[in-house]
Each structure stands twice: as structure tokens, then as C-alpha cells.
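First up is the structure itself, then whatever we jot down about it.
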Amino acid sequence: MELVVDTSVVFSLFKSDSFTNKLLKEYDLTLFAPEELIEELSKYSEIICAKSKIAKEKFSEDVSLLSKFIELKNSPRSFEDKADGLISHKTDVPFLALALELNIPIWSNDPHFKEQSSVEVFTTKELVDKLKLLGHKFSTFS
């Protein structure tokens, strides 16, 4: 399944035993994000390190490894303009623009993405429910 992944979901990847990490190991997801993702992660690096209980050096290593799991891609201005009119949280315009361009859902736990109806949005729970509906059985968690 292809998804644009929001920063809120990527935050949890820094904790090695997180539910999100287990989900990525269990199911083959193709993830995309705008290049702004790296800027957002850097902006919140201290919070991520504290919550994930990792050192700054580990955080930097993990950020550099993200390209193995997430394809960073920016959308043309026309998609950014369209997205800008659909969502109130302006830092998430690049994520919505990318989803519009690729015509794929967004994976985010931020409720403001649900303000719009142009692309489907899954929270982590909704994504797991969707994958179960598609017949996937999870072995590492319920």
C-alpha cells in the first residue's frame, strides 16, 4: 500500500519498539513524504530524543536512514496551491500536496488532515483496520 506519511507518524519510528515500527516490519508499505519532513524532524529533535530515549547522534543516524523507508519528494506548485486551500494547518500543505499529486492516502494521527475530503486519511488504528480488512494478519501485535 502506498501512503504519504506525516511527521507525527515518523516521530514514532525513532523508538525501536514502537507500534509503528512493528507495523512497518510486518507489512510492506511504500511511504512518501515531502522534503520538509527532514526540517520538521530537525526542529523537534530534542523532543524526539527525549521521548524516544535516544542520543542526538542516534537521532542523526536514524534520520539519514529514513530514505530506506520513505521516499522524499516535493510536489509541483500547482498541487501546493490546491492543498493550501484545503487545510488550515499550513505546515502540512506539502504533505497534502504530495498526496494529491500521487493520488494516494495520508497516514497521520493529526486530526486536522480530516478537514479536507480530497484524499483519504488514515490514523494508525484506521490503517491497521484497513489492512486487516484487506486480509492481512498481524503476527507481532493484535
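Residues are named by chain letter and number: chains run A, B, ... in the order of the C-alpha cells, numbers start at 1 in each chain, and ligands are numbered from 1 in the order shown.
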For region 58-65 of chain A, find every residue with an atom within 9 Å (counting only C-alpha atoms), except residues of its own chain fewer than 2 positions away, and show them as a short mmCIF file (atom, residue, chain, number, x, y, z; two decimals) with C-alpha atoms, in the first residue's frame.
```cif
data_model
loop_
_atom_site.label_atom_id
_atom_site.label_comp_id
_atom_site.auth_asym_id
_atom_site.auth_seq_id
_atom_site.Cartn_x
_atom_site.Cartn_y
_atom_site.Cartn_z
CA LEU A 13 9.81 5.46 14.23
CA PHE A 14 12.65 6.72 16.43
CA ILE A 38 13.59 16.44 7.48
CA LEU A 41 12.27 16.35 12.40
CA SER A 42 15.29 18.57 12.98
CA SER A 45 14.92 16.68 17.52
CA ILE A 48 12.07 13.19 19.76
CA CYS A 49 15.32 12.24 21.51
CA ILE A 54 17.95 8.13 22.23
CA ALA A 55 21.10 10.23 21.96
CA LYS A 56 21.38 13.08 19.45
CA SER A 67 15.45 7.22 2.93
CA LYS A 68 15.41 3.41 3.12
CA PHE A 69 11.77 3.57 4.23
#
```
Leaving out Tyr44 (chain A) and any residue of its chain fewer than 6 positions from it, which residues lie within 12 Å of it when counting only C-alpha atoms, given as a list of chain:residue names?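 Contacts, with the query itself left out: A:Thr7, A:Ser8, A:Val10, A:Phe11, A:Leu37, A:Ile38, A:Ala50, A:Lys51, A:Ser52, A:Lys56, A:Phe59.
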Excluding same-chain residues fewer than 3 positions from Glu120 (chain A), what lies within 8 Å of it counting only C-alpha atoms, as an mmCIF file with C-alpha atoms, in the first residue's frame?
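Written file, part14.cif:
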```cif
data_model
loop_
_atom_site.group_PDB
_atom_site.id
_atom_site.type_symbol
_atom_site.label_atom_id
_atom_site.label_comp_id
_atom_site.auth_asym_id
_atom_site.auth_seq_id
_atom_site.Cartn_x
_atom_site.Cartn_y
_atom_site.Cartn_z
ATOM 1 C CA ILE A 104 -2.726 8.216 -2.526
ATOM 2 C CA PRO A 105 -3.920 8.387 1.114
ATOM 3 C CA ILE A 106 -2.177 10.101 4.003
ATOM 4 C CA SER A 117 -12.101 15.312 1.701
#
```
Find the residues around His112 (chain A) up to 9 Å (only C-alpha atoms counted), leave out those fewer than 6 positions away in its own chain, and share them as a ChimeraX atom specification. /A:87-89
Selection to disk with C-alpha atoms, as a PDB file, in the first residue's frame:
```
ATOM      1  CA  ILE A  87      -6.246  22.610   5.033  1.00  0.00           C
ATOM      2  CA  SER A  88      -5.851  25.083   7.900  1.00  0.00           C
ATOM      3  CA  HIS A  89      -2.546  23.772   9.288  1.00  0.00           C
TER       4      HIS A  89
END
```
At a cut-off of 9 Å, using only C-alpha atoms, what residues contact region 2-5 of chain A? Leave out same-chain residues fewer than 3 positions from it and give the result as a PyMOL selection string. chain A and resi 8-10+29-34+70+95-96+98-99+102+104-108
For the selection you just gave me, I'd like the residues written to a file as a compact mmCIF listing (two decimals), in the first residue's frame, keeping C-alpha atoms.
```
# COMPACT_ATOMS: atom_id res chain seq x y z
CA SER A 8 3.55 12.72 13.56
CA VAL A 9 3.83 9.10 12.44
CA VAL A 10 7.55 9.36 11.62
CA LEU A 29 4.14 -0.16 2.96
CA THR A 30 5.53 2.24 0.36
CA LEU A 31 5.90 5.59 2.07
CA PHE A 32 6.37 9.07 0.62
CA ALA A 33 6.90 12.42 2.30
CA PRO A 34 7.86 15.91 1.20
CA ILE A 70 10.46 6.89 2.95
CA PHE A 95 2.08 16.56 2.76
CA LEU A 96 -1.41 17.11 1.38
CA LEU A 98 2.08 15.23 -2.31
CA ALA A 99 -0.94 13.04 -1.58
CA LEU A 102 0.34 10.91 -6.19
CA ILE A 104 -2.73 8.22 -2.53
CA PRO A 105 -3.92 8.39 1.11
CA ILE A 106 -2.18 10.10 4.00
CA TRP A 107 -1.12 8.28 7.16
CA SER A 108 -1.38 10.75 10.02
```
